[in-house]
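The file query_19.pdb contains PDB, C-alpha atoms and all ligand atoms:
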```pdb
MODEL        1
ATOM      1  CA  MET B 487     -10.887  29.308   8.000  1.00  0.00           C
ATOM      2  CA  PHE B 488      -7.482  27.923   7.082  1.00  0.00           C
ATOM      3  CA  CYS B 489      -4.174  29.653   6.572  1.00  0.00           C
ATOM      4  CA  LEU B 490      -3.706  30.805   2.990  1.00  0.00           C
ATOM      5  CA  GLU B 491      -0.474  31.334   1.080  1.00  0.00           C
ATOM      6  CA  GLN B 492       0.202  34.966   0.191  1.00  0.00           C
ATOM      7  CA  VAL B 493      -0.373  36.074  -3.404  1.00  0.00           C
ATOM      8  CA  ASP B 494       2.774  37.186  -5.221  1.00  0.00           C
ATOM      9  CA  ALA B 495       2.029  40.626  -6.677  1.00  0.00           C
ATOM     10  CA  ARG B 496       4.086  39.864  -9.810  1.00  0.00           C
ATOM     11  CA  ASP B 497       1.887  36.878 -10.708  1.00  0.00           C
ATOM     12  CA  SER B 498      -1.347  38.676 -10.086  1.00  0.00           C
ATOM     13  CA  PRO B 499      -3.704  39.799 -12.859  1.00  0.00           C
ATOM     14  CA  PHE B 500      -4.524  42.855 -10.712  1.00  0.00           C
ATOM     15  CA  ASP B 501      -2.465  46.034 -10.585  1.00  0.00           C
ATOM     16  CA  ARG B 502       0.287  46.169  -7.952  1.00  0.00           C
ATOM     17  CA  SER B 503      -1.539  48.407  -5.484  1.00  0.00           C
ATOM     18  CA  SER B 504      -4.640  46.197  -5.388  1.00  0.00           C
ATOM     19  CA  SER B 505      -2.434  43.094  -5.077  1.00  0.00           C
ATOM     20  CA  ALA B 506      -0.614  44.675  -2.155  1.00  0.00           C
ATOM     21  CA  ALA B 507      -3.971  45.484  -0.554  1.00  0.00           C
ATOM     22  CA  MET B 508      -5.082  41.888  -1.171  1.00  0.00           C
ATOM     23  CA  ASN B 509      -1.894  40.568   0.464  1.00  0.00           C
ATOM     24  CA  THR B 510      -2.463  42.777   3.484  1.00  0.00           C
ATOM     25  CA  LEU B 511      -6.072  41.592   3.692  1.00  0.00           C
ATOM     26  CA  ILE B 512      -4.992  37.936   3.549  1.00  0.00           C
ATOM     27  CA  VAL B 513      -2.406  38.484   6.288  1.00  0.00           C
ATOM     28  CA  VAL B 514      -5.030  40.236   8.439  1.00  0.00           C
ATOM     29  CA  ILE B 515      -7.537  37.406   7.863  1.00  0.00           C
ATOM     30  CA  CYS B 516      -4.876  34.776   8.682  1.00  0.00           C
ATOM     31  CA  THR B 517      -3.986  36.630  11.873  1.00  0.00           C
ATOM     32  CA  LEU B 518      -7.628  37.003  12.931  1.00  0.00           C
ATOM     33  CA  VAL B 519      -8.323  33.342  12.216  1.00  0.00           C
ATOM     34  CA  ALA B 520      -5.168  32.316  14.108  1.00  0.00           C
ATOM     35  CA  VAL B 521      -6.230  34.386  17.130  1.00  0.00           C
ATOM     36  CA  ALA B 522      -9.843  33.179  16.956  1.00  0.00           C
ATOM     37  CA  THR B 523      -8.913  29.501  16.736  1.00  0.00           C
ATOM     38  CA  ALA B 524      -5.872  29.486  19.042  1.00  0.00           C
ATOM     39  CA  SER B 525      -6.634  27.105  21.864  1.00  0.00           C
ATOM     40  CA  THR B 526      -4.985  24.489  23.975  1.00  0.00           C
ATOM     41  CA  GLU B 527      -7.978  22.235  23.342  1.00  0.00           C
ATOM     42  CA  CYS B 528      -8.486  19.775  20.529  1.00  0.00           C
ATOM     43  CA  GLY B 529     -11.925  21.128  19.633  1.00  0.00           C
ATOM     44  CA  PRO B 530     -13.815  20.804  16.331  1.00  0.00           C
ATOM     45  CA  LEU B 531     -11.872  23.662  14.682  1.00  0.00           C
ATOM     46  CA  GLN B 532      -8.498  22.293  15.744  1.00  0.00           C
ATOM     47  CA  ARG B 533      -9.473  18.808  14.505  1.00  0.00           C
ATOM     48  CA  LEU B 534     -10.464  20.152  11.106  1.00  0.00           C
ATOM     49  CA  LYS B 535      -7.282  22.162  10.903  1.00  0.00           C
ATOM     50  CA  VAL B 536      -5.042  19.187  11.718  1.00  0.00           C
ATOM     51  CA  LYS B 537      -6.945  17.077   9.204  1.00  0.00           C
ATOM     52  CA  GLN B 538      -6.595  19.687   6.471  1.00  0.00           C
ATOM     53  CA  GLN B 539      -2.918  20.386   7.226  1.00  0.00           C
ATOM     54  CA  TRP B 540      -2.119  16.663   7.316  1.00  0.00           C
ATOM     55  CA  SER B 541      -3.668  16.180   3.874  1.00  0.00           C
ATOM     56  CA  VAL B 542      -1.266  18.853   2.576  1.00  0.00           C
ATOM     57  CA  GLY B 543       1.771  17.787   4.621  1.00  0.00           C
ATOM     58  CA  PHE B 544       1.467  14.017   4.134  1.00  0.00           C
ATOM     59  CA  GLY B 545       1.639  14.549   0.374  1.00  0.00           C
ATOM     60  CA  THR B 546       2.098  11.642  -2.001  1.00  0.00           C
ATOM     61  CA  ALA B 547       4.519   8.891  -3.038  1.00  0.00           C
ATOM     62  CA  ASN B 548       8.214   9.561  -2.246  1.00  0.00           C
ATOM     63  CA  HIS B 549       7.386  12.485   0.001  1.00  0.00           C
ATOM     64  CA  ARG B 550       5.617  10.068   2.360  1.00  0.00           C
ATOM     65  CA  ILE B 551       8.694   7.839   2.489  1.00  0.00           C
ATOM     66  CA  ASP B 552      10.809  10.899   3.350  1.00  0.00           C
ATOM     67  CA  ILE B 553       8.425  11.946   6.122  1.00  0.00           C
ATOM     68  CA  GLY B 554       8.577   8.437   7.586  1.00  0.00           C
ATOM     69  CA  THR B 555      12.380   8.370   7.476  1.00  0.00           C
ATOM     70  CA  ALA B 556      12.650  11.821   9.111  1.00  0.00           C
ATOM     71  CA  LEU B 557      10.147  10.817  11.777  1.00  0.00           C
ATOM     72  CA  TRP B 558      11.966   7.611  12.771  1.00  0.00           C
ATOM     73  CA  ARG B 559      15.360   9.305  12.579  1.00  0.00           C
ATOM     74  CA  SER B 560      14.112  11.792  15.163  1.00  0.00           C
ATOM     75  CA  ILE B 561      12.529   9.038  17.315  1.00  0.00           C
ATOM     76  CA  PHE B 562      15.752   7.002  17.349  1.00  0.00           C
ATOM     77  CA  HIS B 563      17.807  10.120  17.994  1.00  0.00           C
ATOM     78  CA  GLN B 564      15.738  10.737  21.139  1.00  0.00           C
ATOM     79  CA  ALA B 565      15.506   7.080  22.198  1.00  0.00           C
ATOM     80  CA  PRO B 566      18.332   5.059  20.544  1.00  0.00           C
ATOM     81  CA  GLN B 567      17.716   2.110  22.888  1.00  0.00           C
ATOM     82  CA  ALA B 568      14.300   1.595  21.240  1.00  0.00           C
ATOM     83  CA  ILE B 569      15.976   0.149  18.130  1.00  0.00           C
ATOM     84  CA  ASP B 570      17.209  -3.011  19.871  1.00  0.00           C
ATOM     85  CA  GLN B 571      14.318  -3.041  22.279  1.00  0.00           C
ATOM     86  CA  LEU B 572      11.483  -3.027  19.707  1.00  0.00           C
ATOM     87  CA  PHE B 573      12.565  -2.759  16.091  1.00  0.00           C
ATOM     88  CA  LYS B 574      15.095  -5.563  15.440  1.00  0.00           C
ATOM     89  CA  ARG B 575      12.483  -7.629  13.579  1.00  0.00           C
ATOM     90  CA  VAL B 576      11.927  -4.800  11.092  1.00  0.00           C
ATOM     91  CA  GLU B 577      15.662  -3.937  10.774  1.00  0.00           C
ATOM     92  CA  GLY B 578      15.495  -0.695  12.727  1.00  0.00           C
ATOM     93  CA  HIS B 579      19.294  -0.379  12.476  1.00  0.00           C
ATOM     94  CA  ASP B 580      18.915   0.541   8.839  1.00  0.00           C
ATOM     95  CA  LEU B 581      16.236   3.178   8.217  1.00  0.00           C
ATOM     96  CA  TYR B 582      16.593   2.599   4.474  1.00  0.00           C
ATOM     97  CA  SER B 583      16.153  -1.183   4.504  1.00  0.00           C
ATOM     98  CA  GLY B 584      13.066  -2.460   2.715  1.00  0.00           C
ATOM     99  CA  LYS B 585      11.768  -3.993   5.934  1.00  0.00           C
ATOM    100  CA  PHE B 586      12.058  -0.799   7.918  1.00  0.00           C
ATOM    101  CA  GLN B 587      10.607   1.374   5.184  1.00  0.00           C
ATOM    102  CA  ALA B 588       7.645  -0.995   4.990  1.00  0.00           C
ATOM    103  CA  HIS B 589       7.203  -0.707   8.768  1.00  0.00           C
ATOM    104  CA  SER B 590       7.407   3.071   8.510  1.00  0.00           C
ATOM    105  CA  MET B 591       4.709   3.075   5.820  1.00  0.00           C
ATOM    106  CA  ARG B 592       2.454   0.873   7.977  1.00  0.00           C
ATOM    107  CA  VAL B 593       2.748   3.359  10.839  1.00  0.00           C
ATOM    108  CA  LEU B 594       2.116   6.378   8.602  1.00  0.00           C
ATOM    109  CA  GLY B 595      -0.816   4.512   7.044  1.00  0.00           C
ATOM    110  CA  GLY B 596      -2.209   4.050  10.559  1.00  0.00           C
ATOM    111  CA  LEU B 597      -1.634   7.691  11.369  1.00  0.00           C
ATOM    112  CA  ASN B 598      -3.290   8.709   8.131  1.00  0.00           C
ATOM    113  CA  MET B 599      -6.334   6.641   9.045  1.00  0.00           C
ATOM    114  CA  VAL B 600      -6.509   8.239  12.504  1.00  0.00           C
ATOM    115  CA  ILE B 601      -6.145  11.831  11.310  1.00  0.00           C
ATOM    116  CA  SER B 602      -8.610  11.317   8.442  1.00  0.00           C
ATOM    117  CA  VAL B 603     -11.363  10.608  10.992  1.00  0.00           C
ATOM    118  CA  MET B 604     -10.265  13.226  13.500  1.00  0.00           C
ATOM    119  CA  ASP B 605     -13.644  14.991  13.166  1.00  0.00           C
ATOM    120  CA  ASP B 606     -15.687  11.833  13.813  1.00  0.00           C
ATOM    121  CA  ASP B 607     -15.246  11.003  17.493  1.00  0.00           C
ATOM    122  CA  THR B 608     -16.867   7.551  17.454  1.00  0.00           C
ATOM    123  CA  LEU B 609     -14.842   6.318  14.497  1.00  0.00           C
ATOM    124  CA  LEU B 610     -11.687   7.967  15.826  1.00  0.00           C
ATOM    125  CA  HIS B 611     -11.901   6.143  19.148  1.00  0.00           C
ATOM    126  CA  SER B 612     -12.701   2.841  17.568  1.00  0.00           C
ATOM    127  CA  ILE B 613      -9.609   3.122  15.315  1.00  0.00           C
ATOM    128  CA  LEU B 614      -7.447   4.290  18.224  1.00  0.00           C
ATOM    129  CA  GLU B 615      -8.584   1.408  20.427  1.00  0.00           C
ATOM    130  CA  HIS B 616      -7.739  -1.072  17.679  1.00  0.00           C
ATOM    131  CA  LEU B 617      -4.271   0.494  17.313  1.00  0.00           C
ATOM    132  CA  ARG B 618      -3.806   0.447  21.088  1.00  0.00           C
ATOM    133  CA  ASP B 619      -4.567  -3.285  21.091  1.00  0.00           C
ATOM    134  CA  GLN B 620      -1.993  -3.813  18.335  1.00  0.00           C
ATOM    135  CA  HIS B 621       0.614  -2.104  20.549  1.00  0.00           C
ATOM    136  CA  LYS B 622      -0.253  -3.139  24.080  1.00  0.00           C
ATOM    137  CA  ASP B 623       1.487  -6.532  24.099  1.00  0.00           C
ATOM    138  CA  ARG B 624       4.714  -5.071  22.774  1.00  0.00           C
ATOM    139  CA  ALA B 625       5.753  -3.591  26.130  1.00  0.00           C
ATOM    140  CA  ILE B 626       6.237  -0.124  24.688  1.00  0.00           C
ATOM    141  CA  PRO B 627       7.224   2.299  27.452  1.00  0.00           C
ATOM    142  CA  ARG B 628       4.552   5.022  27.641  1.00  0.00           C
ATOM    143  CA  ASN B 629       7.045   7.842  27.273  1.00  0.00           C
ATOM    144  CA  TYR B 630       7.785   6.585  23.736  1.00  0.00           C
ATOM    145  CA  PHE B 631       4.455   8.033  22.648  1.00  0.00           C
ATOM    146  CA  LYS B 632       5.707  11.414  23.860  1.00  0.00           C
ATOM    147  CA  VAL B 633       8.905  10.816  21.898  1.00  0.00           C
ATOM    148  CA  PHE B 634       6.778  10.061  18.818  1.00  0.00           C
ATOM    149  CA  LYS B 635       4.831  13.288  19.348  1.00  0.00           C
ATOM    150  CA  ALA B 636       8.029  15.339  19.733  1.00  0.00           C
ATOM    151  CA  ALA B 637       9.333  13.847  16.467  1.00  0.00           C
ATOM    152  CA  LEU B 638       6.107  14.592  14.620  1.00  0.00           C
ATOM    153  CA  MET B 639       6.081  18.164  15.926  1.00  0.00           C
ATOM    154  CA  LYS B 640       9.579  18.600  14.482  1.00  0.00           C
ATOM    155  CA  VAL B 641       8.946  16.990  11.117  1.00  0.00           C
ATOM    156  CA  MET B 642       5.506  18.323  10.152  1.00  0.00           C
ATOM    157  CA  PRO B 643       6.403  22.047  10.079  1.00  0.00           C
ATOM    158  CA  TYR B 644       8.963  21.275   7.348  1.00  0.00           C
ATOM    159  CA  SER B 645       6.258  19.664   5.309  1.00  0.00           C
ATOM    160  CA  ILE B 646       3.414  22.087   6.028  1.00  0.00           C
ATOM    161  CA  GLY B 647       5.335  25.352   6.133  1.00  0.00           C
ATOM    162  CA  ARG B 648       4.392  28.532   7.939  1.00  0.00           C
ATOM    163  CA  CYS B 649       0.708  27.543   8.259  1.00  0.00           C
ATOM    164  CA  PHE B 650       1.628  24.748  10.711  1.00  0.00           C
ATOM    165  CA  ASP B 651      -0.634  25.268  13.732  1.00  0.00           C
ATOM    166  CA  LYS B 652       1.533  24.131  16.629  1.00  0.00           C
ATOM    167  CA  GLU B 653      -1.182  24.428  19.304  1.00  0.00           C
ATOM    168  CA  ALA B 654      -3.799  22.503  17.301  1.00  0.00           C
ATOM    169  CA  TRP B 655      -1.324  19.714  16.444  1.00  0.00           C
ATOM    170  CA  SER B 656      -0.050  19.493  19.984  1.00  0.00           C
ATOM    171  CA  SER B 657      -3.469  19.263  21.643  1.00  0.00           C
ATOM    172  CA  CYS B 658      -4.928  16.910  19.024  1.00  0.00           C
ATOM    173  CA  PHE B 659      -1.903  14.642  19.071  1.00  0.00           C
ATOM    174  CA  ASP B 660      -2.339  14.308  22.833  1.00  0.00           C
ATOM    175  CA  VAL B 661      -5.809  12.850  22.149  1.00  0.00           C
ATOM    176  CA  ILE B 662      -4.139  10.211  19.938  1.00  0.00           C
ATOM    177  CA  THR B 663      -1.273   9.317  22.287  1.00  0.00           C
ATOM    178  CA  ASP B 664      -3.480   9.376  25.414  1.00  0.00           C
ATOM    179  CA  THR B 665      -5.521   6.509  23.962  1.00  0.00           C
ATOM    180  CA  LEU B 666      -2.600   4.612  22.388  1.00  0.00           C
ATOM    181  CA  GLY B 667      -0.650   4.672  25.648  1.00  0.00           C
ATOM    182  CA  ASP B 668      -3.655   3.849  27.832  1.00  0.00           C
ATOM    183  CA  TYR B 669      -2.801   0.264  28.867  1.00  0.00           C
TER
HETATM  184  C1  LIG G   1       0.484   7.624  16.502  1.00  0.00           C
HETATM  185  C2  LIG G   1       1.453   6.756  16.716  1.00  0.00           C
HETATM  186  C3  LIG G   1       1.556   5.374  16.126  1.00  0.00           C
HETATM  187  C4  LIG G   1       0.835   4.784  15.125  1.00  0.00           C
HETATM  188  C5  LIG G   1      -0.286   5.392  14.293  1.00  0.00           C
HETATM  189  C6  LIG G   1       1.361   3.445  14.968  1.00  0.00           C
HETATM  190  C7  LIG G   1       0.888   2.534  14.046  1.00  0.00           C
HETATM  191  C8  LIG G   1       1.390   1.257  13.884  1.00  0.00           C
HETATM  192  C9  LIG G   1       0.909   0.291  12.935  1.00  0.00           C
HETATM  193  C10 LIG G   1      -0.244   0.528  11.949  1.00  0.00           C
HETATM  194  C11 LIG G   1       1.638  -0.826  13.083  1.00  0.00           C
HETATM  195  C12 LIG G   1       1.506  -2.135  12.292  1.00  0.00           C
HETATM  196  C13 LIG G   1       0.627  -3.045  13.081  1.00  0.00           C
HETATM  197  C14 LIG G   1       0.564  -4.440  12.519  1.00  0.00           C
HETATM  198  O1  LIG G   1       0.527  -4.572  11.264  1.00  0.00           O
HETATM  199  O2  LIG G   1       0.575  -5.400  13.299  1.00  0.00           O
HETATM  200  C15 LIG G   1       2.596  -0.591  14.136  1.00  0.00           C
HETATM  201  C16 LIG G   1       3.513  -1.515  14.580  1.00  0.00           C
HETATM  202  C17 LIG G   1       4.439  -1.264  15.559  1.00  0.00           C
HETATM  203  N1  LIG G   1       4.593  -0.124  16.275  1.00  0.00           N
HETATM  204 FE1  LIG G   1       3.441   1.538  16.133  1.00  0.00          FE
HETATM  205  N2  LIG G   1       2.381   3.262  15.869  1.00  0.00           N
HETATM  206  C18 LIG G   1       2.533   4.405  16.591  1.00  0.00           C
HETATM  207  C19 LIG G   1       3.442   4.636  17.597  1.00  0.00           C
HETATM  208  C20 LIG G   1       4.406   3.748  17.994  1.00  0.00           C
HETATM  209  C21 LIG G   1       5.431   4.047  18.970  1.00  0.00           C
HETATM  210  C22 LIG G   1       5.592   5.375  19.702  1.00  0.00           C
HETATM  211  C23 LIG G   1       6.195   2.925  19.082  1.00  0.00           C
HETATM  212  C24 LIG G   1       7.408   2.721  19.925  1.00  0.00           C
HETATM  213  C25 LIG G   1       8.429   3.566  19.853  1.00  0.00           C
HETATM  214  C26 LIG G   1       5.637   1.935  18.189  1.00  0.00           C
HETATM  215  C27 LIG G   1       6.107   0.662  18.041  1.00  0.00           C
HETATM  216  C28 LIG G   1       5.623  -0.273  17.166  1.00  0.00           C
HETATM  217  C29 LIG G   1       6.172  -1.614  17.019  1.00  0.00           C
HETATM  218  C30 LIG G   1       7.337  -2.209  17.826  1.00  0.00           C
HETATM  219  C31 LIG G   1       5.441  -2.233  15.993  1.00  0.00           C
HETATM  220  C32 LIG G   1       5.646  -3.641  15.464  1.00  0.00           C
HETATM  221  C33 LIG G   1       6.869  -3.677  14.550  1.00  0.00           C
HETATM  222  C34 LIG G   1       7.026  -5.072  13.947  1.00  0.00           C
HETATM  223  O3  LIG G   1       6.337  -5.353  12.960  1.00  0.00           O
HETATM  224  O4  LIG G   1       7.821  -5.828  14.479  1.00  0.00           O
HETATM  225  N3  LIG G   1       4.555   2.471  17.533  1.00  0.00           N
HETATM  226  N4  LIG G   1       2.431   0.679  14.606  1.00  0.00           N
ENDMDL
END
```
As C-alpha cells, how would this structure be written, given the file I've shared?
Amino acid sequence: MFCLEQVDARDSPFDRSSSAAMNTLIVVICTLVAVATASTECGPLQRLKVKQQWSVGFGTANHRIDIGTALWRSIFHQAPQAIDQLFKRVEGHDLYSGKFQAHSMRVLGGLNMVISVMDDDTLLHSILEHLRDQHKDRAIPRNYFKVFKAALMKVMPYSIGRCFDKEAWSSCFDVITDTLGDY
C-alpha cells in the first residue's frame, strides 16, 4: 500500500536476474498503487499515507530540530513581516535561539499530534479545534496558514524522499489549515 524503496541488486541474496525482476515488480506495484490512490481528496488512504510518511519524515532528535528550522526559514522567507508581527516574544529574529527553537518544537509537537490522529476524525477535529482556539486571539492573518502549508510542502520531500505523495499531503494539509484558520 505504501511506496517501497528499491532493492539494490548487489545487496540481494538472490541472483542478479531475479533481483532485477524483483526491482521491476516493485516499481510496477509502486506505480499501480500511486495511480490507484492518486486523488485530490483527503480520504482514508491519503490520511494513512500522510500519517505513515510523517512518521518516517519527522524522524527523531536533531532531525526534528532541523525540520523545524527549515520550516520556519521558509515561512519567514515568504512572510518576513510575520517575525515582528507575531514572533518577537519567542525571538523570531534568531532561528537558532533557545527560545525560538523551543517554539519550533512546540509547533512540530502540535503537528505531530494532529497527523498521528489523522485517521480518527473525531479526535482529529477535537485536537484541531483546541489548536485553533490557541491561535485565534493572536490575530494571525489567514493567508499565513497557506504560507505554512507551502513551507511544509517544500521541506517534507527532502525528509521523505521520492515516496513523498504531494497530492495526499496537499489535500490532507488543507483539512488541517481549514480548521485552524476558521475564526
Ligand atoms: C499546522 C500548523 C500549526 C500548528 C500545528 C501550530 C501549533 C502551535 C502550538 C502547539 C503552539 C504553542 C501553543 C501554546 O503553548 O500556547 C503555537 C503557538 C503559536 N503559533 Fe502556531 N501552529 C501552526 C501554525 C501557525 C502559523 C501559520 C502561525 C503564524 C504564522 C502560527 C503562529 C503562532 C504563534 C504566534 C504562537 C505563539 C508564540 C508565542 O509563544 O509567543 N502558528 N502554535
Can you pull out every residue within 6 Å of range 599-615 of chain B, counting all atoms listed in the file, but drop anything in the same chain fewer than 3 positions away, and send it as number ranges by chain? B: 533, 537, 596, 618
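Picture a line from CA of Phe631 in chain B to CA of Ile551 in chain B; it runs 20.6 Å.
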Considering only C-alpha atoms, can you say which of B:Met642, B:Thr663, B:Gln571, B:Cys649 comes closest to Ala625 in chain B? B:Gln571
Apply the PyMOL selection byres (((chain B and resi 645) around 12) and not hetatm) to the structure shown and report the selected residues as a PDB file with C-alpha atoms, in the coordinates of the input.
```pdb
ATOM      1  CA  GLN B 539      -2.918  20.386   7.226  1.00  0.00           C
ATOM      2  CA  TRP B 540      -2.119  16.663   7.316  1.00  0.00           C
ATOM      3  CA  SER B 541      -3.668  16.180   3.874  1.00  0.00           C
ATOM      4  CA  VAL B 542      -1.266  18.853   2.576  1.00  0.00           C
ATOM      5  CA  GLY B 543       1.771  17.787   4.621  1.00  0.00           C
ATOM      6  CA  PHE B 544       1.467  14.017   4.134  1.00  0.00           C
ATOM      7  CA  GLY B 545       1.639  14.549   0.374  1.00  0.00           C
ATOM      8  CA  THR B 546       2.098  11.642  -2.001  1.00  0.00           C
ATOM      9  CA  HIS B 549       7.386  12.485   0.001  1.00  0.00           C
ATOM     10  CA  ARG B 550       5.617  10.068   2.360  1.00  0.00           C
ATOM     11  CA  ASP B 552      10.809  10.899   3.350  1.00  0.00           C
ATOM     12  CA  ILE B 553       8.425  11.946   6.122  1.00  0.00           C
ATOM     13  CA  GLY B 554       8.577   8.437   7.586  1.00  0.00           C
ATOM     14  CA  ALA B 556      12.650  11.821   9.111  1.00  0.00           C
ATOM     15  CA  LEU B 557      10.147  10.817  11.777  1.00  0.00           C
ATOM     16  CA  LEU B 638       6.107  14.592  14.620  1.00  0.00           C
ATOM     17  CA  MET B 639       6.081  18.164  15.926  1.00  0.00           C
ATOM     18  CA  LYS B 640       9.579  18.600  14.482  1.00  0.00           C
ATOM     19  CA  VAL B 641       8.946  16.990  11.117  1.00  0.00           C
ATOM     20  CA  MET B 642       5.506  18.323  10.152  1.00  0.00           C
ATOM     21  CA  PRO B 643       6.403  22.047  10.079  1.00  0.00           C
ATOM     22  CA  TYR B 644       8.963  21.275   7.348  1.00  0.00           C
ATOM     23  CA  ILE B 646       3.414  22.087   6.028  1.00  0.00           C
ATOM     24  CA  GLY B 647       5.335  25.352   6.133  1.00  0.00           C
ATOM     25  CA  ARG B 648       4.392  28.532   7.939  1.00  0.00           C
ATOM     26  CA  CYS B 649       0.708  27.543   8.259  1.00  0.00           C
ATOM     27  CA  PHE B 650       1.628  24.748  10.711  1.00  0.00           C
TER      28      PHE B 650
END
```
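With all atoms listed in the file as the atoms that count, the set of residues no farther than 7 Å from ligand LIG 1 (chain G) is Ala568, Leu572, Phe573, Arg575, Val576, His589, Arg592, Val593, Leu594, Gly595, Gly596, Leu597, Leu617, Gln620, His621, Arg624, Ile626, Tyr630, Phe631, Val633, Phe634, Ile662 and Thr663 of chain B.
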Quick one: pull the distance between CA of Gln532 in chain B and CA of Ala654 in chain B, Å, one decimal. 5.0 Å
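Put simply, CA of Leu531 in chain B is 22.2 Å away from CA of Ala636 in chain B.
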Keeping C-alpha atoms, write range 644-667 of chain B of the structure just shown out as a tab-separated table (two decimals), in the first residue's frame.
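In the end it all went to decode32.tsv:
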```
chain	number	residue	atom	x	y	z
B	644	TYR	CA	13.66	16.44	1.47
B	645	SER	CA	12.93	14.38	4.51
B	646	ILE	CA	10.70	11.72	2.94
B	647	GLY	CA	12.40	11.33	-0.42
B	648	ARG	CA	10.88	10.12	-3.65
B	649	CYS	CA	7.90	8.46	-1.91
B	650	PHE	CA	6.53	11.89	-0.90
B	651	ASP	CA	2.89	11.91	-2.05
B	652	LYS	CA	2.31	15.53	-3.00
B	653	GLU	CA	-1.43	15.17	-3.67
B	654	ALA	CA	-2.17	13.35	-0.40
B	655	TRP	CA	-0.15	15.88	1.64
B	656	SER	CA	-1.70	18.83	-0.11
B	657	SER	CA	-5.32	17.71	0.31
B	658	CYS	CA	-4.85	16.50	3.89
B	659	PHE	CA	-3.00	19.62	4.93
B	660	ASP	CA	-5.94	21.67	3.66
B	661	VAL	CA	-8.13	19.81	6.19
B	662	ILE	CA	-5.74	20.97	8.94
B	663	THR	CA	-5.41	24.61	7.83
B	664	ASP	CA	-9.14	24.96	7.01
B	665	THR	CA	-9.95	24.30	10.67
B	666	LEU	CA	-7.01	26.24	12.16
B	667	GLY	CA	-7.85	29.32	10.09
```
